[in-house]
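Take a look at the structure below.
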Amino acid sequence: MRRTAWALSATVSALLFIAPAARAATSCDKSCLERIADQYRAAYVKHDARALPLAGKVRFSENGVMMPSFPDASWDTITREAGPATTFSDPQTGQIAIFTAILQMDTPGFLAIRLKVENGRIAEIEHMLSTKRNLSGPPTPIGEIETYKPDANLTAIVPADKRLPRARLMARATGYFDTLQNNTGEIRGTRFTPEATRIENGRLYTEIEKGFRRGYYRFNDRVRREHLLVDEERQVVLARGFIDHKGVLDEYTTTDGEKIRSVYREPHTWAFLEMFKVNDDRITGVQAVFIGVPYYMESPWKK
């Protein structure tokens with residue numbers, strides 16, 4: 001019964017995503033979107049928003065805060081892109097995702113960008129920028145930009161005869177979040193390859209299924225999420241969300257018998273932009289940029 005409920009939830013989520021997607025379809029195809037992505041990165045580094053094809057009204061948020069105008073925030077402070085950048089696009093919804101690394105003077109950071117293009121012009125810009133300073137909350141690992149290297153698997157084109165439909169891809173991402181929430185060791189509605197990896201704020205993790213099966217993430221009380229983009233050629237899903245920790249869990253025991261004391265000692269939330277690569281109906285790679293935010297914060301993009 002529970003698995004049926006998860007499947008129904010994933011199907012409903014997919015239908016809600018596809019309906020507005022059809023309305024948002026534009027004449028900007030995949031090459032058009034990815035050309036705009038390159039223009040955005042170049043203009044961002046040069047602090048030159050005038051070089052962009054902007055809609056008459058542009059909404060711009062950085063780290064969960066809607067800016068009163070564009071450009072602002074890290075558009076004023078970026079000194080160079082440390083990259084390399086990876087780009088994903090969804091012509092059906094007009095959405096673009098970019099994952100990269102940047103420097104703000106001597107402060108390195110990992111940046112996830114979401115752009116929405118309408119009629120060939122950028123109408124929405126969303127940044128999630130993680131640095132050692134703004135992670136806040138309980139200490140969490142962050143990589144070094146000097147050694148940052150995206151997984152080539154993430155951007156690889158999947159042969160047309162091996163591609164899954166959009167709804168199936170989103171169901172696998174939904175299952176990932178269902179497994180992460182109240183993690184008990186049960187894999188719920190998703191599948192992984194043994195070599196599947198995760199990059200969090202530029203830091204690489206291997207054997208990601210093993211952590212889920214141990215129930216290591218028991219402290220995640222709630223994972224709020226929504227799917228934003230499906231790159232069908234690359235079989236990638238991008239999601240925005242929040243991981244809430246109530247802070248009431250003290251000690252717990254993993255499925256292999258290890259006793260762990262939760263690092264979350266008070267209400268706390270992570271905000272993230274996260275992408276999932278699916279091959280042969282299994283998650284093969286995950287990449288996320290996340291920061292600490294006030295407990296139970298909501299997205300400024302919430303309708």
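We name chains A, B, ... following the order of the structure tokens; residues begin at 1 in each chain, and ligands are numbered from 1 as shown.
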Item to complete: Excluding A:Tyr296 and any residue of its chain fewer than 2 positions from it, enumerate the residues within 8 Å of it, using only C-alpha atoms, and give them as JSON, numbers by chain.
Response: {"A": [242, 244, 268, 269, 294, 298]}
Okay, now the selection with N, CA and C atoms, as a PDB file, in the first residue's frame?
ATOM      1  N   PHE A 242      13.996  21.729   0.309  1.00  0.00           N
ATOM      2  CA  PHE A 242      14.454  22.028   1.667  1.00  0.00           C
ATOM      3  C   PHE A 242      14.462  20.734   2.476  1.00  0.00           C
ATOM      4  N   ASP A 244      14.373  19.599   6.305  1.00  0.00           N
ATOM      5  CA  ASP A 244      14.090  20.139   7.638  1.00  0.00           C
ATOM      6  C   ASP A 244      14.495  19.166   8.732  1.00  0.00           C
ATOM      7  N   HIS A 268      16.510  23.277  12.217  1.00  0.00           N
ATOM      8  CA  HIS A 268      17.473  23.670  11.197  1.00  0.00           C
ATOM      9  C   HIS A 268      16.981  23.198   9.834  1.00  0.00           C
ATOM     10  N   THR A 269      17.326  23.950   8.786  1.00  0.00           N
ATOM     11  CA  THR A 269      16.920  23.589   7.426  1.00  0.00           C
ATOM     12  C   THR A 269      18.059  23.816   6.444  1.00  0.00           C
ATOM     13  N   PRO A 294      16.978  29.638   7.649  1.00  0.00           N
ATOM     14  CA  PRO A 294      16.093  29.547   8.821  1.00  0.00           C
ATOM     15  C   PRO A 294      15.163  28.341   8.730  1.00  0.00           C
ATOM     16  N   GLU A 298      10.508  29.013   3.345  1.00  0.00           N
ATOM     17  CA  GLU A 298       9.855  28.653   2.096  1.00  0.00           C
ATOM     18  C   GLU A 298      10.555  29.324   0.923  1.00  0.00           C
TER      19      GLU A 298
END
Can you write out as CSV which residues of stretch 74-160 of chain A fall within 9 Å of stretch 231-234 of chain A, alongside each residue's closest atom pair and its distance in Å to one decimal, counting only C-alpha atoms and ordering rows by chain and ascending residue number?
residue,atom,partner,partner_atom,distance
A:Phe88,CA,A:Asp231,CA,6.0
A:Ser89,CA,A:Asp231,CA,5.4
A:Asp90,CA,A:Asp231,CA,5.0
A:Pro91,CA,A:Asp231,CA,8.3
A:Ile96,CA,A:Asp231,CA,9.0
A:Leu154,CA,A:Arg234,CA,7.4
A:Thr155,CA,A:Arg234,CA,6.0
A:Ala156,CA,A:Arg234,CA,5.9
A:Ile157,CA,A:Arg234,CA,4.6
A:Val158,CA,A:Arg234,CA,5.5
A:Pro159,CA,A:Glu233,CA,7.7
A:Ala160,CA,A:Glu233,CA,7.4
Discussion item. When you look at A:His127 with a cut-off of 9 Å (counting only C-alpha atoms), what residues show up, excluding the ones that are within fewer than 3 positions of it in the same chain? I need them as a PyMOL selection string.
Written reply: chain A and resi 60-64+111-115+273
Practice prompt. Can you pull out every residue within 12 Å of A:Ala49, counting only C-alpha atoms, but drop anything in the same chain fewer than 2 positions away, and send it as a PyMOL selection string?
Written response: chain A and resi 39-47+51-55+58+69-72+75-76+122+125
Fill in: Contacts of A:His245 at 12 Å (only C-alpha atoms; same-chain gap of 2+ positions) as number ranges by chain
A: 137-138, 180-182, 217-224, 242-243, 247-250, 262-271, 292-297
For the structure I just gave you, how does DSSP split stretch 35-113 of chain A - specifically, which residues are strand (DSSP E)? Reply as a PDB file with C-alpha atoms, in the first residue's frame.
ATOM      1  CA  LEU A  54      16.381  39.788 -20.810  1.00  0.00           C
ATOM      2  CA  ALA A  55      12.601  39.862 -20.609  1.00  0.00           C
ATOM      3  CA  GLY A  56      10.930  43.151 -19.765  1.00  0.00           C
ATOM      4  CA  LYS A  57      10.542  42.003 -16.165  1.00  0.00           C
ATOM      5  CA  VAL A  58      13.149  39.703 -14.608  1.00  0.00           C
ATOM      6  CA  ARG A  59      12.735  37.981 -11.244  1.00  0.00           C
ATOM      7  CA  PHE A  60      16.040  37.172  -9.509  1.00  0.00           C
ATOM      8  CA  SER A  61      16.735  35.331  -6.264  1.00  0.00           C
ATOM      9  CA  GLU A  62      19.969  34.338  -4.557  1.00  0.00           C
ATOM     10  CA  VAL A  65      15.973  35.822  -1.139  1.00  0.00           C
ATOM     11  CA  MET A  66      14.113  37.589  -3.946  1.00  0.00           C
ATOM     12  CA  ARG A  80      36.050  34.736 -11.978  1.00  0.00           C
ATOM     13  CA  GLU A  81      34.476  31.410 -12.807  1.00  0.00           C
ATOM     14  CA  THR A  86      27.930  21.746 -16.564  1.00  0.00           C
ATOM     15  CA  THR A  87      24.698  22.762 -18.295  1.00  0.00           C
ATOM     16  CA  PHE A  88      21.305  21.069 -18.606  1.00  0.00           C
ATOM     17  CA  SER A  89      18.243  22.271 -20.489  1.00  0.00           C
ATOM     18  CA  ASP A  90      14.572  21.511 -20.967  1.00  0.00           C
ATOM     19  CA  GLN A  95      14.372  25.942 -18.127  1.00  0.00           C
ATOM     20  CA  ILE A  96      18.175  25.856 -17.871  1.00  0.00           C
ATOM     21  CA  ALA A  97      20.375  24.542 -15.045  1.00  0.00           C
ATOM     22  CA  ILE A  98      24.071  25.337 -14.594  1.00  0.00           C
ATOM     23  CA  PHE A  99      26.431  23.916 -11.945  1.00  0.00           C
ATOM     24  CA  THR A 100      29.813  25.596 -11.590  1.00  0.00           C
ATOM     25  CA  ALA A 101      32.414  26.995  -9.183  1.00  0.00           C
ATOM     26  CA  ILE A 102      33.292  30.675  -8.743  1.00  0.00           C
ATOM     27  CA  LEU A 103      35.566  33.030  -6.842  1.00  0.00           C
ATOM     28  CA  GLN A 104      34.456  36.218  -5.122  1.00  0.00           C
ATOM     29  CA  THR A 107      36.287  33.441  -1.365  1.00  0.00           C
ATOM     30  CA  PRO A 108      35.601  30.238  -3.343  1.00  0.00           C
ATOM     31  CA  GLY A 109      32.086  28.951  -3.786  1.00  0.00           C
ATOM     32  CA  PHE A 110      29.922  26.432  -5.600  1.00  0.00           C
ATOM     33  CA  LEU A 111      27.026  27.808  -7.601  1.00  0.00           C
ATOM     34  CA  ALA A 112      23.847  26.298  -9.028  1.00  0.00           C
ATOM     35  CA  ILE A 113      21.878  28.487 -11.417  1.00  0.00           C
TER      36      ILE A 113
END
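Between atom CA of A:Leu135 and atom CA of A:Ala288 the interatomic distance comes to 13.1 Å.
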Practice prompt. Calculate how many Å separate atom CA of A:Thr284 from atom CA of A:Ala196, rounding to one decimal.
Written response: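 Going from atom CA of A:Thr284 over to atom CA of A:Ala196, I get 4.3 Å.
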Item to complete: Take atom CA of A:Thr193 and atom CA of A:Leu229 and report the distance between them in Å, one decimal.
Response: 22.3 Å
Item to complete: Using DSSP on the backbone coordinates, identify the residues of stretch 10-113 of chain A assigned to helix (DSSP H, G or I); present them as a count of residues only.
Response: 38
Worksheet item: Contacts of stretch 200-208 of chain A at 12 Å or less, counting only C-alpha atoms, minus same-chain residues fewer than 5 places along, as a PyMOL selection string?
Response: chain A and resi 82-85+99-102+108-112+128-132+134-135+140-151+176+179-180+187+191-195+213-217+272-275+283-291
